[in-house]
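S.K.: The file below is final-v4.cif, mmCIF, C-alpha atoms:
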```cif
data_model
loop_
_atom_site.group_PDB
_atom_site.id
_atom_site.type_symbol
_atom_site.label_atom_id
_atom_site.label_comp_id
_atom_site.auth_asym_id
_atom_site.auth_seq_id
_atom_site.Cartn_x
_atom_site.Cartn_y
_atom_site.Cartn_z
ATOM 1 C CA MET A 193 59.470 -11.067 4.380
ATOM 2 C CA GLU A 194 56.769 -8.420 4.308
ATOM 3 C CA ALA A 195 55.631 -9.593 0.848
ATOM 4 C CA GLN A 196 55.359 -13.139 2.191
ATOM 5 C CA ALA A 197 53.285 -12.019 5.169
ATOM 6 C CA GLN A 198 51.072 -9.938 2.892
ATOM 7 C CA GLY A 199 50.386 -13.004 0.729
ATOM 8 C CA LEU A 200 49.160 -14.929 3.759
ATOM 9 C CA LEU A 201 46.551 -12.342 4.708
ATOM 10 C CA GLU A 202 43.154 -12.731 3.087
ATOM 11 C CA THR A 203 41.311 -9.626 1.943
ATOM 12 C CA GLU A 204 38.001 -11.430 1.350
ATOM 13 C CA PRO A 205 35.507 -12.099 4.159
ATOM 14 C CA LEU A 206 35.227 -15.596 5.576
ATOM 15 C CA GLN A 207 32.845 -17.952 3.841
ATOM 16 C CA GLY A 208 30.522 -20.365 5.681
ATOM 17 C CA ARG A 209 32.913 -23.323 5.572
ATOM 18 C CA ASP A 210 35.812 -21.089 6.674
ATOM 19 C CA GLU A 211 33.805 -19.917 9.694
ATOM 20 C CA ASP A 212 33.038 -23.542 10.594
ATOM 21 C CA ALA A 213 36.737 -24.440 10.389
ATOM 22 C CA VAL A 214 37.715 -21.513 12.613
ATOM 23 C CA ALA A 215 34.962 -22.318 15.119
ATOM 24 C CA SER A 216 36.055 -25.940 15.422
ATOM 25 C CA ALA A 217 39.785 -25.141 15.711
ATOM 26 C CA ASP A 218 41.341 -25.319 19.172
ATOM 27 C CA PHE A 219 43.651 -22.314 19.626
ATOM 28 C CA SER A 220 43.953 -22.710 23.381
ATOM 29 C CA SER A 221 47.075 -24.862 23.037
ATOM 30 C CA MET A 222 48.770 -22.053 21.074
ATOM 31 C CA LEU A 223 48.169 -19.471 23.835
ATOM 32 C CA SER A 224 50.306 -18.963 26.872
ATOM 33 C CA GLU A 225 48.703 -18.966 30.301
ATOM 34 C CA GLU A 226 49.137 -15.196 30.522
ATOM 35 C CA GLU A 227 47.343 -14.678 27.161
ATOM 36 C CA LYS A 228 44.533 -16.986 28.273
ATOM 37 C CA GLU A 229 44.049 -14.970 31.457
ATOM 38 C CA GLU A 230 44.025 -11.697 29.508
ATOM 39 C CA LEU A 231 41.418 -13.047 27.085
ATOM 40 C CA LYS A 232 39.276 -14.357 29.951
ATOM 41 C CA ALA A 233 39.434 -10.950 31.641
ATOM 42 C CA GLU A 234 38.515 -9.241 28.361
ATOM 43 C CA LEU A 235 35.624 -11.683 27.889
ATOM 44 C CA VAL A 236 34.251 -10.905 31.368
ATOM 45 C CA GLN A 237 34.604 -7.172 30.699
ATOM 46 C CA LEU A 238 32.757 -7.443 27.367
ATOM 47 C CA GLU A 239 29.943 -9.460 28.959
ATOM 48 C CA ASP A 240 29.632 -6.826 31.707
ATOM 49 C CA GLU A 241 29.532 -4.019 29.133
ATOM 50 C CA ILE A 242 26.837 -5.825 27.142
ATOM 51 C CA THR A 243 24.764 -6.303 30.296
ATOM 52 C CA THR A 244 25.189 -2.615 31.170
ATOM 53 C CA LEU A 245 24.187 -1.546 27.653
ATOM 54 C CA ARG A 246 21.065 -3.723 27.808
ATOM 55 C CA GLN A 247 20.114 -2.132 31.149
ATOM 56 C CA VAL A 248 20.695 1.386 29.767
ATOM 57 C CA LEU A 249 18.625 0.585 26.678
ATOM 58 C CA SER A 250 15.815 -0.804 28.814
ATOM 59 C CA ALA A 251 15.836 2.314 31.013
ATOM 60 C CA LYS A 252 15.767 4.578 27.953
ATOM 61 C CA GLU A 253 12.833 2.623 26.472
ATOM 62 C CA ARG A 254 10.896 3.019 29.761
ATOM 63 C CA HIS A 255 11.696 6.732 29.783
ATOM 64 C CA LEU A 256 10.496 7.003 26.175
ATOM 65 C CA VAL A 257 7.170 5.392 27.112
ATOM 66 C CA GLU A 258 6.777 7.775 30.054
ATOM 67 C CA ILE A 259 7.400 10.830 27.865
ATOM 68 C CA LYS A 260 4.920 9.608 25.248
ATOM 69 C CA GLN A 261 2.299 9.051 27.963
ATOM 70 C CA LYS A 262 2.851 12.573 29.316
ATOM 71 C CA LEU A 263 2.438 13.973 25.795
ATOM 72 C CA GLY A 264 -0.760 11.964 25.321
ATOM 73 C CA MET A 265 0.793 9.799 22.655
ATOM 74 C CA ASN A 266 -0.284 6.202 22.657
ATOM 75 C CA LEU A 267 -0.196 3.292 20.247
ATOM 76 C CA MET A 268 -3.531 4.221 18.676
ATOM 77 C CA ASN A 269 -2.424 7.810 18.033
ATOM 78 C CA GLU A 270 0.827 6.595 16.514
ATOM 79 C CA LEU A 271 -1.063 4.180 14.269
ATOM 80 C CA LYS A 272 -3.375 7.009 13.172
ATOM 81 C CA GLN A 273 -0.408 9.253 12.417
ATOM 82 C CA ASN A 274 1.373 6.489 10.508
ATOM 83 C CA PHE A 275 -1.791 5.710 8.537
ATOM 84 C CA SER A 276 -2.361 9.393 7.743
ATOM 85 C CA LYS A 277 1.221 9.813 6.587
ATOM 86 C CA SER A 278 1.069 6.644 4.481
ATOM 87 C CA TRP A 279 -2.248 7.735 2.938
ATOM 88 C CA HIS A 280 -0.792 11.161 2.136
ATOM 89 C CA ASP A 281 2.344 9.592 0.645
ATOM 90 C CA MET A 282 0.226 7.288 -1.504
ATOM 91 C CA GLN A 283 -1.957 10.176 -2.739
ATOM 92 C CA THR A 284 1.116 12.042 -3.933
ATOM 93 C CA THR A 285 2.325 9.192 -6.154
ATOM 94 C CA THR A 286 2.007 9.547 -9.906
ATOM 95 C CA ALA A 287 0.087 6.279 -10.201
ATOM 96 C CA TYR A 288 -2.534 7.421 -7.697
ATOM 97 C CA LYS A 289 -2.926 10.809 -9.372
ATOM 98 C CA LYS A 290 -3.349 9.248 -12.820
ATOM 99 C CA THR A 291 -5.824 6.655 -11.524
ATOM 100 C CA HIS A 292 -7.780 9.334 -9.658
ATOM 101 C CA GLU A 293 -7.890 11.516 -12.775
ATOM 102 C CA THR A 294 -9.015 8.600 -14.962
ATOM 103 C CA LEU A 295 -11.744 7.496 -12.574
ATOM 104 C CA SER A 296 -12.917 11.063 -12.105
ATOM 105 C CA HIS A 297 -13.146 11.525 -15.869
ATOM 106 C CA ALA A 298 -14.999 8.209 -16.230
ATOM 107 C CA GLY A 299 -17.375 9.212 -13.444
ATOM 108 C CA GLN A 300 -18.146 12.495 -15.179
ATOM 109 C CA LYS A 301 -18.862 10.708 -18.455
ATOM 110 C CA ALA A 302 -21.029 8.106 -16.716
ATOM 111 C CA THR A 303 -22.933 10.833 -14.834
ATOM 112 C CA ALA A 304 -23.616 12.689 -18.064
ATOM 113 C CA ALA A 305 -24.706 9.489 -19.814
ATOM 114 C CA PHE A 306 -27.026 8.482 -16.952
ATOM 115 C CA SER A 307 -28.465 11.984 -16.909
ATOM 116 C CA ASN A 308 -29.207 11.709 -20.630
ATOM 117 C CA VAL A 309 -30.800 8.286 -20.119
ATOM 118 C CA GLY A 310 -32.873 9.611 -17.224
ATOM 119 C CA THR A 311 -34.038 12.605 -19.237
ATOM 120 C CA ALA A 312 -34.948 10.417 -22.205
ATOM 121 C CA ILE A 313 -36.820 7.936 -20.011
ATOM 122 C CA SER A 314 -38.693 10.691 -18.179
ATOM 123 C CA LYS A 315 -39.707 12.279 -21.459
ATOM 124 C CA LYS A 316 -40.813 8.981 -22.925
ATOM 125 C CA PHE A 317 -42.732 7.991 -19.800
ATOM 126 C CA GLY A 318 -44.467 11.341 -19.989
ATOM 127 C CA ASP A 319 -45.322 10.671 -23.618
ATOM 128 C CA MET A 320 -46.379 7.107 -22.799
ATOM 129 C CA SER A 321 -48.608 8.123 -19.904
ATOM 130 C CA TYR A 322 -50.470 10.378 -22.291
ATOM 131 C CA SER A 323 -50.515 7.582 -24.837
ATOM 132 C CA ILE A 324 -51.703 4.997 -22.261
ATOM 133 C CA ARG A 325 -54.555 7.192 -21.178
ATOM 134 C CA HIS A 326 -55.667 7.497 -24.761
ATOM 135 C CA SER A 327 -54.852 3.962 -25.788
ATOM 136 C CA ILE A 328 -57.264 1.052 -25.709
ATOM 137 C CA SER A 329 -54.854 -1.826 -24.950
ATOM 138 C CA MET A 330 -51.216 -2.620 -24.212
ATOM 139 C CA PRO A 331 -50.540 -4.393 -27.538
ATOM 140 C CA ALA A 332 -51.783 -1.309 -29.290
ATOM 141 C CA MET A 333 -49.434 0.808 -27.181
ATOM 142 C CA ARG A 334 -46.443 -1.425 -28.005
ATOM 143 C CA ASN A 335 -47.131 -0.964 -31.691
ATOM 144 C CA SER A 336 -47.515 2.773 -31.326
ATOM 145 C CA PRO A 337 -44.913 5.065 -32.885
ATOM 146 C CA THR A 338 -44.197 6.644 -29.473
ATOM 147 C CA PHE A 339 -43.337 3.289 -27.882
ATOM 148 C CA LYS A 340 -41.221 2.234 -30.876
ATOM 149 C CA SER A 341 -39.391 5.559 -30.735
ATOM 150 C CA PHE A 342 -38.843 5.098 -26.994
ATOM 151 C CA GLU A 343 -37.374 1.631 -27.539
ATOM 152 C CA GLU A 344 -35.031 2.930 -30.219
ATOM 153 C CA ARG A 345 -33.813 5.820 -28.055
ATOM 154 C CA VAL A 346 -33.207 3.573 -25.056
ATOM 155 C CA GLU A 347 -31.227 1.152 -27.239
ATOM 156 C CA THR A 348 -29.227 4.018 -28.756
ATOM 157 C CA THR A 349 -28.540 5.549 -25.351
ATOM 158 C CA VAL A 350 -27.437 2.225 -23.836
ATOM 159 C CA THR A 351 -25.163 1.533 -26.810
ATOM 160 C CA SER A 352 -23.702 5.039 -26.593
ATOM 161 C CA LEU A 353 -23.153 4.622 -22.850
ATOM 162 C CA LYS A 354 -21.338 1.329 -23.398
ATOM 163 C CA ILE A 355 -19.097 2.918 -26.016
ATOM 164 C CA LYS A 356 -18.314 5.932 -23.811
ATOM 165 C CA ILE A 357 -17.468 3.753 -20.825
ATOM 166 C CA SER A 358 -15.292 1.403 -22.868
ATOM 167 C CA CYS A 359 -13.453 4.375 -24.420
ATOM 168 C CA VAL A 360 -12.593 5.653 -20.968
ATOM 169 C CA HIS A 361 -10.906 2.328 -20.211
ATOM 170 C CA CYS A 362 -9.183 2.011 -23.608
ATOM 171 C CA ASN A 363 -7.473 5.421 -23.361
ATOM 172 C CA TYR A 364 -5.690 4.557 -20.133
#
```
I need this file expressed as structure tokens, please.
M.R.:
Amino acid sequence: MEAQAQGLLETEPLQGRDEDAVASADFSSMLSEEEKEELKAELVQLEDEITTLRQVLSAKERHLVEIKQKLGMNLMNELKQNFSKSWHDMQTTTAYKKTHETLSHAGQKATAAFSNVGTAISKKFGDMSYSIRHSISMPAMRNSPTFKSFEERVETTVTSLKIKISCVHCNY
């Protein structure tokens, strides 16, 4: 008999259609009046307990707000703390560290390249100002060896800068 009873019991949870069938079934005709009264009493008790729990939860939430106010904690402070913690958590990730390292390295290379360009331009402008003062016309200056040399160095520096910047991106 026990094996038969065991076979009738399901071990799997109810599926959607099973729940619908149970919800639409009318078990009240299978219950005695005494069982109905017991279930009604239990239902009232459960509803009362739920109401009490909601009231207790509400009181605890109010008390929580009061304590936070006394401690000077407000929504803005909590948002700041959450943001700070999130920012710190993000900074400790491997992806952030690698990206930071890559960008820092690229920035150093770009700074060095721009410094070289600036030095070259300053030197050439110094040479050109001397050349302009001693030159008769602009076309003559453009054909001068100093100007041609300046153009070549600027082109070389720009090309070198492009290569250095692209290599930073291709390594990572």
S.K.: Provide the CA of Gln273 (chain A) to CA of Gln261 (chain A) distance in Å, to one decimal place.
M.R.: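 Separation between CA of Gln273 (chain A) and CA of Gln261 (chain A): 15.8 Å.
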S.K.: Using CA of Glu343 (chain A) and CA of Ile313 (chain A) as the two end points, give the distance in Å to one decimal.
M.R.: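 Distance reported for this atom pair: 9.8 Å.
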S.K.: Can you measure CA of Glu253 (chain A) to CA of Phe275 (chain A) for me? One decimal in Å is fine.
M.R.: 23.3 Å
S.K.: For Thr338 (chain A), which residue among A:Lys272, A:Lys315, A:Arg246, A:His280 is the nearest when counting only C-alpha atoms?
M.R.: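 Among the listed residues, the smallest separation from Thr338 (chain A) belongs to A:Lys315.
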S.K.: Using all atoms listed in the file, which residue out of A:Lys290, A:Lys228, A:Lys356, A:Arg254 lies closest to Thr303 (chain A)?
M.R.: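 Counting all atoms listed in the file, the residue closest to Thr303 (chain A) is A:Lys356.
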S.K.: Out of A:Thr311, A:Thr284, A:Thr244, A:Asn266, which residue has the shortest atom-to-atom distance to Arg345 (chain A) when counting only C-alpha atoms?
M.R.: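 Between A:Thr311, A:Thr284, A:Thr244, A:Asn266, the residue approaching Arg345 (chain A) most closely is A:Thr311.
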S.K.: Could you give me the axis-aligned bounding box of region 263-280 of chain A, with 5 Å of padding per side, as centre plus edge lengths in Å to one decimal, as JSON?
M.R.:
```
{"center_x": -0.5, "center_y": 8.6, "center_z": 14.0, "size_x": 16.0, "size_y": 20.7, "size_z": 33.7}
```
S.K.: Excluding Ala302 (chain A) and its own-chain neighbours fewer than 4 positions away, which residues fall within 8 Å of it when counting all atoms listed in the file? Please give them as a list in words.
M.R.: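 My reading of the contact set: Ala298, Phe306, Leu353, Lys356 and Ile357 of chain A.
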